[in-house]
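The data block below is coords11.pdb; it holds PDB, C-alpha atoms.
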```
ATOM      1  CA  MET A   1      31.950 163.821  39.001
ATOM      2  CA  LEU A   2      31.180 160.775  41.130
ATOM      3  CA  LYS A   3      34.141 158.418  41.583
ATOM      4  CA  TYR A   4      34.531 154.987  43.119
ATOM      5  CA  LEU A   5      37.602 153.259  44.485
ATOM      6  CA  ASN A   6      36.496 149.637  44.655
ATOM      7  CA  THR A   7      33.602 147.223  45.007
ATOM      8  CA  ASP A   8      32.825 144.131  47.036
ATOM      9  CA  ILE A   9      30.094 141.564  47.378
ATOM     10  CA  VAL A  10      28.734 141.894  50.922
ATOM     11  CA  PHE A  11      26.119 140.095  52.990
ATOM     12  CA  GLN A  12      25.649 142.227  56.114
ATOM     13  CA  GLU A  13      25.020 145.749  54.857
ATOM     14  CA  ILE A  14      21.459 145.169  53.605
ATOM     15  CA  PRO A  15      19.343 142.550  55.417
ATOM     16  CA  ASP A  16      18.360 139.528  53.306
ATOM     17  CA  GLU A  17      20.275 140.788  50.257
ATOM     18  CA  THR A  18      23.503 139.819  48.501
ATOM     19  CA  THR A  19      24.841 143.256  47.749
ATOM     20  CA  LEU A  20      27.308 144.780  45.340
ATOM     21  CA  ALA A  21      28.768 147.550  47.514
ATOM     22  CA  ILE A  22      30.358 150.389  45.537
ATOM     23  CA  ASN A  23      32.730 152.500  47.643
ATOM     24  CA  LEU A  24      32.419 156.119  46.514
ATOM     25  CA  THR A  25      35.193 158.606  47.196
ATOM     26  CA  ALA A  26      35.480 162.316  48.072
ATOM     27  CA  CYS A  27      33.391 161.867  51.227
ATOM     28  CA  PRO A  28      32.851 165.279  52.818
ATOM     29  CA  CYS A  29      31.596 163.915  56.153
ATOM     30  CA  HIS A  30      34.983 163.014  57.711
ATOM     31  CA  CYS A  31      33.379 161.262  60.691
ATOM     32  CA  PRO A  32      35.832 160.823  63.587
ATOM     33  CA  GLY A  33      36.627 157.118  63.846
ATOM     34  CA  CYS A  34      35.524 156.420  60.258
ATOM     35  CA  HIS A  35      36.401 152.862  59.188
ATOM     36  CA  SER A  36      37.196 154.044  55.636
ATOM     37  CA  PRO A  37      39.100 157.360  55.836
ATOM     38  CA  TRP A  38      40.799 156.608  52.508
ATOM     39  CA  LEU A  39      37.405 157.314  50.911
ATOM     40  CA  TRP A  40      37.743 160.962  51.975
ATOM     41  CA  GLN A  41      40.173 161.518  49.094
ATOM     42  CA  ASP A  42      39.025 162.470  45.602
ATOM     43  CA  VAL A  43      40.465 159.375  43.901
ATOM     44  CA  GLY A  44      39.302 156.452  41.800
ATOM     45  CA  GLU A  45      37.463 155.890  38.533
ATOM     46  CA  GLU A  46      34.443 157.827  37.333
ATOM     47  CA  LEU A  47      31.191 156.035  38.109
ATOM     48  CA  SER A  48      29.236 156.690  34.938
ATOM     49  CA  ILE A  49      26.102 154.754  34.026
ATOM     50  CA  SER A  50      28.133 152.655  31.571
ATOM     51  CA  GLU A  51      30.666 151.794  34.299
ATOM     52  CA  LEU A  52      27.854 151.006  36.728
ATOM     53  CA  CYS A  53      26.264 148.679  34.159
ATOM     54  CA  ARG A  54      29.621 146.999  33.588
ATOM     55  CA  LEU A  55      29.939 146.339  37.332
ATOM     56  CA  VAL A  56      26.378 145.058  37.665
ATOM     57  CA  ASP A  57      26.728 142.819  34.598
ATOM     58  CA  ARG A  58      29.945 141.377  36.029
ATOM     59  CA  TYR A  59      28.111 140.188  39.158
ATOM     60  CA  LYS A  60      24.561 139.905  37.816
ATOM     61  CA  ASP A  61      24.017 136.274  38.788
ATOM     62  CA  SER A  62      25.474 136.744  42.277
ATOM     63  CA  ILE A  63      23.691 139.844  43.585
ATOM     64  CA  THR A  64      20.207 141.003  44.528
ATOM     65  CA  CYS A  65      21.072 144.583  45.510
ATOM     66  CA  VAL A  66      23.419 147.435  44.565
ATOM     67  CA  CYS A  67      24.512 149.790  47.343
ATOM     68  CA  PHE A  68      26.189 153.154  46.946
ATOM     69  CA  MET A  69      28.534 153.482  49.912
ATOM     70  CA  GLY A  70      28.966 157.239  50.335
ATOM     71  CA  GLY A  71      28.437 159.843  47.656
ATOM     72  CA  ASP A  72      27.438 162.645  49.991
ATOM     73  CA  ALA A  73      29.510 165.117  47.966
ATOM     74  CA  SER A  74      27.272 164.449  44.932
ATOM     75  CA  PRO A  75      23.807 163.395  46.104
ATOM     76  CA  ILE A  76      22.074 164.298  42.851
ATOM     77  CA  GLU A  77      24.522 162.081  40.942
ATOM     78  CA  VAL A  78      23.829 159.190  43.326
ATOM     79  CA  GLN A  79      20.092 159.700  42.817
ATOM     80  CA  THR A  80      20.516 159.848  39.034
ATOM     81  CA  LEU A  81      22.545 156.637  38.915
ATOM     82  CA  ALA A  82      20.083 154.917  41.257
ATOM     83  CA  SER A  83      17.180 155.960  39.036
ATOM     84  CA  GLN A  84      18.930 154.782  35.874
ATOM     85  CA  LEU A  85      19.843 151.517  37.583
ATOM     86  CA  LYS A  86      16.187 150.954  38.503
ATOM     87  CA  GLU A  87      15.154 151.548  34.881
ATOM     88  CA  LEU A  88      17.764 149.188  33.446
ATOM     89  CA  TYR A  89      17.737 146.501  36.157
ATOM     90  CA  ALA A  90      14.335 146.690  37.808
ATOM     91  CA  HIS A  91      14.766 143.351  39.593
ATOM     92  CA  TYR A  92      17.645 144.615  41.764
ATOM     93  CA  LYS A  93      17.174 146.510  45.008
ATOM     94  CA  VAL A  94      19.048 149.832  45.282
ATOM     95  CA  ALA A  95      20.505 151.148  48.523
ATOM     96  CA  TRP A  96      22.473 154.168  49.694
ATOM     97  CA  TYR A  97      24.692 154.415  52.749
ATOM     98  CA  SER A  98      24.857 158.133  53.508
ATOM     99  CA  GLY A  99      26.842 159.732  56.306
ATOM    100  CA  ARG A 100      24.292 162.527  56.556
ATOM    101  CA  GLN A 101      21.615 162.613  59.237
ATOM    102  CA  HIS A 102      19.064 163.596  56.571
ATOM    103  CA  LEU A 103      19.220 163.548  52.795
ATOM    104  CA  PRO A 104      18.906 166.906  51.043
ATOM    105  CA  ALA A 105      15.259 167.814  50.361
ATOM    106  CA  PHE A 106      15.839 167.738  46.592
ATOM    107  CA  VAL A 107      16.789 164.024  46.642
ATOM    108  CA  ASP A 108      13.989 161.699  45.551
ATOM    109  CA  LYS A 109      14.155 158.958  48.179
ATOM    110  CA  GLN A 110      11.667 156.855  46.222
ATOM    111  CA  VAL A 111      14.409 155.618  43.870
ATOM    112  CA  PHE A 112      15.989 153.770  46.826
ATOM    113  CA  ASP A 113      14.768 150.559  48.423
ATOM    114  CA  TYR A 114      17.045 151.070  51.438
ATOM    115  CA  LEU A 115      18.685 154.102  53.026
ATOM    116  CA  LYS A 116      21.259 154.111  55.805
ATOM    117  CA  LEU A 117      21.390 157.557  57.361
ATOM    118  CA  GLY A 118      23.592 159.055  60.053
ATOM    119  CA  PRO A 119      27.236 159.879  60.599
ATOM    120  CA  TYR A 120      29.376 157.377  62.434
ATOM    121  CA  ASN A 121      29.688 158.290  66.107
ATOM    122  CA  ALA A 122      32.257 156.194  67.990
ATOM    123  CA  LEU A 123      30.490 156.789  71.315
ATOM    124  CA  LEU A 124      27.203 155.449  69.955
ATOM    125  CA  GLY A 125      28.593 152.690  67.728
ATOM    126  CA  PRO A 126      27.735 151.364  64.267
ATOM    127  CA  LEU A 127      24.400 149.993  63.056
ATOM    128  CA  LYS A 128      24.858 146.775  65.028
ATOM    129  CA  SER A 129      25.066 148.701  68.314
ATOM    130  CA  PRO A 130      21.762 149.159  70.179
ATOM    131  CA  THR A 131      22.862 152.731  71.021
ATOM    132  CA  THR A 132      23.684 153.758  67.432
ATOM    133  CA  ASN A 133      22.524 157.077  66.030
ATOM    134  CA  GLN A 134      22.530 155.580  62.526
ATOM    135  CA  ARG A 135      19.303 154.297  60.984
ATOM    136  CA  MET A 136      18.587 151.735  58.283
ATOM    137  CA  LEU A 137      15.345 152.469  56.484
ATOM    138  CA  LYS A 138      13.424 150.209  54.103
ATOM    139  CA  ARG A 139      10.951 151.590  51.578
ATOM    140  CA  LEU A 140       7.552 149.978  51.957
ATOM    141  CA  PRO A 141       5.085 149.361  49.093
ATOM    142  CA  ASP A 142       3.153 152.533  50.003
ATOM    143  CA  GLY A 143       6.326 154.645  49.595
ATOM    144  CA  THR A 144       6.911 155.273  53.288
ATOM    145  CA  PHE A 145      10.090 154.146  55.004
ATOM    146  CA  ALA A 146      10.255 151.837  58.000
ATOM    147  CA  ASP A 147      13.159 151.870  60.447
ATOM    148  CA  ILE A 148      14.705 148.381  60.348
ATOM    149  CA  THR A 149      17.832 149.195  62.344
ATOM    150  CA  TYR A 150      16.833 146.518  64.861
ATOM    151  CA  ARG A 151      17.672 143.895  62.198
ATOM    152  CA  PHE A 152      21.368 144.602  62.831
ATOM    153  CA  HIS A 153      21.166 143.986  66.570
ATOM    154  CA  LYS A 154      22.183 140.554  67.768
ATOM    155  CA  LYS A 155      19.648 138.627  69.748
ATOM    156  CA  ARG A 156      20.880 137.414  73.136
TER     157      ARG A 156
END
```

Write the structure described by the file as C-alpha coordinates, please.
Amino acid sequence: MLKYLNTDIVFQEIPDETTLAINLTACPCHCPGCHSPWLWQDVGEELSISELCRLVDRYKDSITCVCFMGGDASPIEVQTLASQLKELYAHYKVAWYSGRQHLPAFVDKQVFDYLKLGPYNALLGPLKSPTTNQRMLKRLPDGTFADITYRFHKKR
(Lines of atoms letter the chains of each structure in order from A and count residues from 1; the text may use other names and numbers.)
(Lines give C-alpha, C1' and ligand atoms only; values in the text may rest on other atoms or scores of the structure.)
Protein backbone atom coordinates (compact mmCIF):
# COMPACT_ATOMS: atom_id res chain seq x y z
CA MET A 1 0.00 0.00 0.00
CA LEU A 2 1.37 3.39 -1.03
CA LYS A 3 1.34 5.98 1.76
CA TYR A 4 2.06 9.69 1.88
CA LEU A 5 3.07 11.89 4.78
CA ASN A 6 2.39 15.37 3.45
CA THR A 7 2.13 17.60 0.40
CA ASP A 8 3.39 21.00 -0.64
CA ILE A 9 3.08 23.39 -3.54
CA VAL A 10 6.58 23.77 -5.00
CA PHE A 11 8.13 25.80 -7.79
CA GLN A 12 11.65 24.40 -8.24
CA GLU A 13 11.21 20.65 -8.60
CA ILE A 14 9.79 20.69 -12.15
CA PRO A 15 10.91 23.49 -14.49
CA ASP A 16 8.15 25.89 -15.58
CA GLU A 17 5.51 24.11 -13.48
CA THR A 18 3.65 24.88 -10.26
CA THR A 19 3.72 21.47 -8.68
CA LEU A 20 1.77 19.61 -6.04
CA ALA A 21 4.54 17.51 -4.49
CA ILE A 22 3.29 14.41 -2.66
CA ASN A 23 5.87 13.00 -0.24
CA LEU A 24 5.58 9.21 -0.28
CA THR A 25 6.87 7.13 2.62
CA ALA A 26 8.57 3.74 3.10
CA CYS A 27 11.49 4.74 0.88
CA PRO A 28 13.80 1.75 0.50
CA CYS A 29 16.72 3.73 -0.96
CA HIS A 30 18.10 5.19 2.31
CA CYS A 31 20.57 7.45 0.49
CA PRO A 32 23.34 8.70 2.81
CA GLY A 33 22.77 12.41 3.36
CA CYS A 34 19.10 12.21 2.35
CA HIS A 35 17.27 15.49 3.04
CA SER A 36 14.10 13.60 4.03
CA PRO A 37 15.08 10.55 6.13
CA TRP A 38 11.70 10.65 7.90
CA LEU A 39 10.24 9.37 4.61
CA TRP A 40 12.11 6.09 5.14
CA GLN A 41 9.48 5.07 7.70
CA ASP A 42 6.27 3.28 6.74
CA VAL A 43 3.94 6.01 8.04
CA GLY A 44 1.21 8.30 6.77
CA GLU A 45 -2.14 7.98 5.02
CA GLU A 46 -2.93 5.62 2.17
CA LEU A 47 -2.65 7.32 -1.21
CA SER A 48 -5.63 5.83 -3.01
CA ILE A 49 -7.02 7.30 -6.22
CA SER A 50 -9.84 8.92 -4.24
CA GLU A 51 -7.33 10.55 -1.86
CA LEU A 52 -5.20 11.67 -4.80
CA CYS A 53 -8.26 13.24 -6.44
CA ARG A 54 -9.13 14.98 -3.18
CA LEU A 55 -5.62 16.48 -3.04
CA VAL A 56 -5.66 17.56 -6.68
CA ASP A 57 -9.15 19.07 -6.36
CA ARG A 58 -8.01 21.01 -3.29
CA TYR A 59 -5.27 22.74 -5.31
CA LYS A 60 -6.72 22.47 -8.82
CA ASP A 61 -6.60 26.18 -9.62
CA SER A 62 -3.07 26.61 -8.26
CA ILE A 63 -1.13 23.77 -9.90
CA THR A 64 -0.02 22.61 -13.33
CA CYS A 65 1.76 19.41 -12.28
CA VAL A 66 1.54 16.59 -9.73
CA CYS A 67 4.80 15.00 -8.59
CA PHE A 68 5.20 11.76 -6.69
CA MET A 69 8.22 12.26 -4.44
CA GLY A 70 9.49 8.74 -3.79
CA GLY A 71 7.46 5.57 -4.06
CA ASP A 72 10.34 3.30 -4.97
CA ALA A 73 8.97 0.58 -2.67
CA SER A 74 5.82 0.40 -4.84
CA PRO A 75 6.65 1.45 -8.40
CA ILE A 76 3.65 -0.28 -9.96
CA GLU A 77 1.34 1.62 -7.59
CA VAL A 78 3.00 4.91 -8.54
CA GLN A 79 2.54 4.05 -12.22
CA THR A 80 -1.10 3.08 -11.65
CA LEU A 81 -1.90 6.32 -9.83
CA ALA A 82 -0.06 8.35 -12.47
CA SER A 83 -2.05 6.63 -15.22
CA GLN A 84 -5.36 7.19 -13.44
CA LEU A 85 -4.41 10.81 -12.79
CA LYS A 86 -3.72 11.31 -16.51
CA GLU A 87 -7.14 9.85 -17.37
CA LEU A 88 -9.01 12.00 -14.86
CA TYR A 89 -6.98 15.22 -15.16
CA ALA A 90 -5.40 15.17 -18.60
CA HIS A 91 -4.41 18.85 -18.44
CA TYR A 92 -1.95 18.31 -15.56
CA LYS A 93 1.63 17.16 -16.03
CA VAL A 94 2.69 14.12 -13.97
CA ALA A 95 6.17 13.67 -12.54
CA TRP A 96 8.03 11.13 -10.44
CA TYR A 97 11.11 11.73 -8.32
CA SER A 98 12.69 8.30 -7.95
CA GLY A 99 15.82 7.51 -5.97
CA ARG A 100 16.65 4.67 -8.34
CA GLN A 101 19.22 5.01 -11.10
CA HIS A 102 16.79 3.28 -13.49
CA LEU A 103 13.11 2.49 -13.21
CA PRO A 104 12.16 -1.19 -13.25
CA ALA A 105 11.62 -2.48 -16.80
CA PHE A 106 7.95 -3.21 -16.10
CA VAL A 107 7.17 0.48 -15.38
CA ASP A 108 5.53 2.30 -18.28
CA LYS A 109 7.47 5.56 -18.38
CA GLN A 110 5.04 7.00 -20.92
CA VAL A 111 2.52 7.86 -18.18
CA PHE A 112 5.02 10.43 -16.83
CA ASP A 113 5.82 13.82 -18.30
CA TYR A 114 8.92 14.16 -16.10
CA LEU A 115 11.19 11.68 -14.34
CA LYS A 116 13.95 12.47 -11.87
CA LEU A 117 16.24 9.48 -11.58
CA GLY A 118 19.25 8.78 -9.38
CA PRO A 119 20.04 8.36 -5.72
CA TYR A 120 21.31 11.35 -3.80
CA ASN A 121 25.10 11.30 -3.57
CA ALA A 122 26.51 13.94 -1.20
CA LEU A 123 29.85 13.99 -3.04
CA LEU A 124 28.15 14.76 -6.36
CA GLY A 125 25.39 17.04 -5.06
CA PRO A 126 21.70 17.49 -5.88
CA LEU A 127 20.14 18.32 -9.25
CA LYS A 128 21.34 21.92 -9.06
CA SER A 129 24.98 20.80 -8.85
CA PRO A 130 26.83 20.55 -12.19
CA THR A 131 28.49 17.34 -10.90
CA THR A 132 25.24 15.59 -9.88
CA ASN A 133 24.60 11.97 -10.78
CA GLN A 134 20.85 12.64 -10.75
CA ARG A 135 18.99 13.32 -13.99
CA MET A 136 15.77 15.16 -14.77
CA LEU A 137 14.12 13.82 -17.89
CA LYS A 138 11.25 15.35 -19.86
CA ARG A 139 9.05 13.27 -22.16
CA LEU A 140 8.98 14.69 -25.66
CA PRO A 141 6.00 14.47 -28.06
CA ASP A 142 7.57 11.46 -29.82
CA GLY A 143 7.71 9.54 -26.51
CA THR A 144 11.46 9.79 -26.02
CA PHE A 145 12.95 11.49 -22.98
CA ALA A 146 15.34 14.42 -23.06
CA ASP A 147 17.79 15.14 -20.25
CA ILE A 148 16.94 18.61 -18.92
CA THR A 149 19.13 18.49 -15.82
CA TYR A 150 20.96 21.58 -17.08
CA ARG A 151 17.79 23.59 -16.31
CA PHE A 152 18.64 23.30 -12.60
CA HIS A 153 22.14 24.73 -12.97
CA LYS A 154 22.55 28.40 -12.22
CA LYS A 155 23.99 30.54 -14.94
CA ARG A 156 27.04 32.57 -13.90

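Note that CA of Lys3 in chain A and CA of Val43 in chain A are 6.8 Å apart.
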
Non-local contacts of range 106-116 of chain A (6 Å; all atoms listed in the file; under 4 positions in same chain excluded) as a list of chain:residue names
A:Ser83, A:Lys93, A:Val94, A:Ala95, A:Trp96, A:Tyr97, A:Ser98, A:Arg135, A:Met136, A:Leu137, A:Lys138, A:Arg139

Keeping C-alpha atoms for every residue in the selection just given, could you write it to a file as a short mmCIF file (atom, residue, chain, number, x, y, z; two decimals), keeping the file's coordinate frame?
```
data_model
loop_
_atom_site.label_atom_id
_atom_site.label_comp_id
_atom_site.auth_asym_id
_atom_site.auth_seq_id
_atom_site.Cartn_x
_atom_site.Cartn_y
_atom_site.Cartn_z
CA SER A 83 17.18 155.96 39.04
CA LYS A 93 17.17 146.51 45.01
CA VAL A 94 19.05 149.83 45.28
CA ALA A 95 20.50 151.15 48.52
CA TRP A 96 22.47 154.17 49.69
CA TYR A 97 24.69 154.42 52.75
CA SER A 98 24.86 158.13 53.51
CA ARG A 135 19.30 154.30 60.98
CA MET A 136 18.59 151.74 58.28
CA LEU A 137 15.34 152.47 56.48
CA LYS A 138 13.42 150.21 54.10
CA ARG A 139 10.95 151.59 51.58
#
```

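The two atoms in question, CA of Asn6 in chain A and CA of Leu24 in chain A, are spaced 7.9 Å apart.
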
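Rounded to one decimal, CA of Leu5 in chain A and CA of Arg58 in chain A lie 16.5 Å from each other.
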
query = So which residues are close to (33.1, 154.0, 34.4), meaning at most 12 Å away in the file's coordinates with only C-alpha atoms counted, and can you show them as a PyMOL selection string?
reply = chain A and resi 1-6+44-56+81

May I have the selected residues written with C-alpha atoms, as an mmCIF file, in the coordinates of the input?
```cif
data_model
loop_
_atom_site.group_PDB
_atom_site.id
_atom_site.type_symbol
_atom_site.label_atom_id
_atom_site.label_comp_id
_atom_site.auth_asym_id
_atom_site.auth_seq_id
_atom_site.Cartn_x
_atom_site.Cartn_y
_atom_site.Cartn_z
ATOM 1 C CA MET A 1 31.950 163.821 39.001
ATOM 2 C CA LEU A 2 31.180 160.775 41.130
ATOM 3 C CA LYS A 3 34.141 158.418 41.583
ATOM 4 C CA TYR A 4 34.531 154.987 43.119
ATOM 5 C CA LEU A 5 37.602 153.259 44.485
ATOM 6 C CA ASN A 6 36.496 149.637 44.655
ATOM 7 C CA GLY A 44 39.302 156.452 41.800
ATOM 8 C CA GLU A 45 37.463 155.890 38.533
ATOM 9 C CA GLU A 46 34.443 157.827 37.333
ATOM 10 C CA LEU A 47 31.191 156.035 38.109
ATOM 11 C CA SER A 48 29.236 156.690 34.938
ATOM 12 C CA ILE A 49 26.102 154.754 34.026
ATOM 13 C CA SER A 50 28.133 152.655 31.571
ATOM 14 C CA GLU A 51 30.666 151.794 34.299
ATOM 15 C CA LEU A 52 27.854 151.006 36.728
ATOM 16 C CA CYS A 53 26.264 148.679 34.159
ATOM 17 C CA ARG A 54 29.621 146.999 33.588
ATOM 18 C CA LEU A 55 29.939 146.339 37.332
ATOM 19 C CA VAL A 56 26.378 145.058 37.665
ATOM 20 C CA LEU A 81 22.545 156.637 38.915
#
```

6 Å contact set for Thr19 in chain A, all atoms listed in the file, chain neighbours under 4 positions out, as a VMD selection string: chain A and resid 9 to 10 63 65 to 66

With C-alpha atoms retained, export the selected residues as a PDB file, in the frame of the given file.
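The result, written out as part-v8.pdb:
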```pdb
ATOM      1  CA  ILE A   9      30.094 141.564  47.378  1.00  0.00           C
ATOM      2  CA  VAL A  10      28.734 141.894  50.922  1.00  0.00           C
ATOM      3  CA  ILE A  63      23.691 139.844  43.585  1.00  0.00           C
ATOM      4  CA  CYS A  65      21.072 144.583  45.510  1.00  0.00           C
ATOM      5  CA  VAL A  66      23.419 147.435  44.565  1.00  0.00           C
TER       6      VAL A  66
END
```

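With all atoms listed in the file as the basis for measurement, A:Thr18 is the residue among A:Thr18, A:Thr144, A:Ser129, A:Asn121 that approaches Cys67 in chain A most closely.
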
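With distances restricted to all atoms listed in the file, A:Leu20 is the closest residue to Asp61 in chain A from A:Pro37, A:Ala90, A:Leu20, A:Ile148.
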
Given 3 Å on each side, where is the centre and what are the edge lengths in Å to one decimal of the axis-aligned box enclosing the listed atoms of range 11-14 of chain A, as lines of an AutoDock Vina configuration file?
```
center_x = 23.8
center_y = 142.9
center_z = 54.6
size_x = 10.7
size_y = 11.7
size_z = 9.1
```
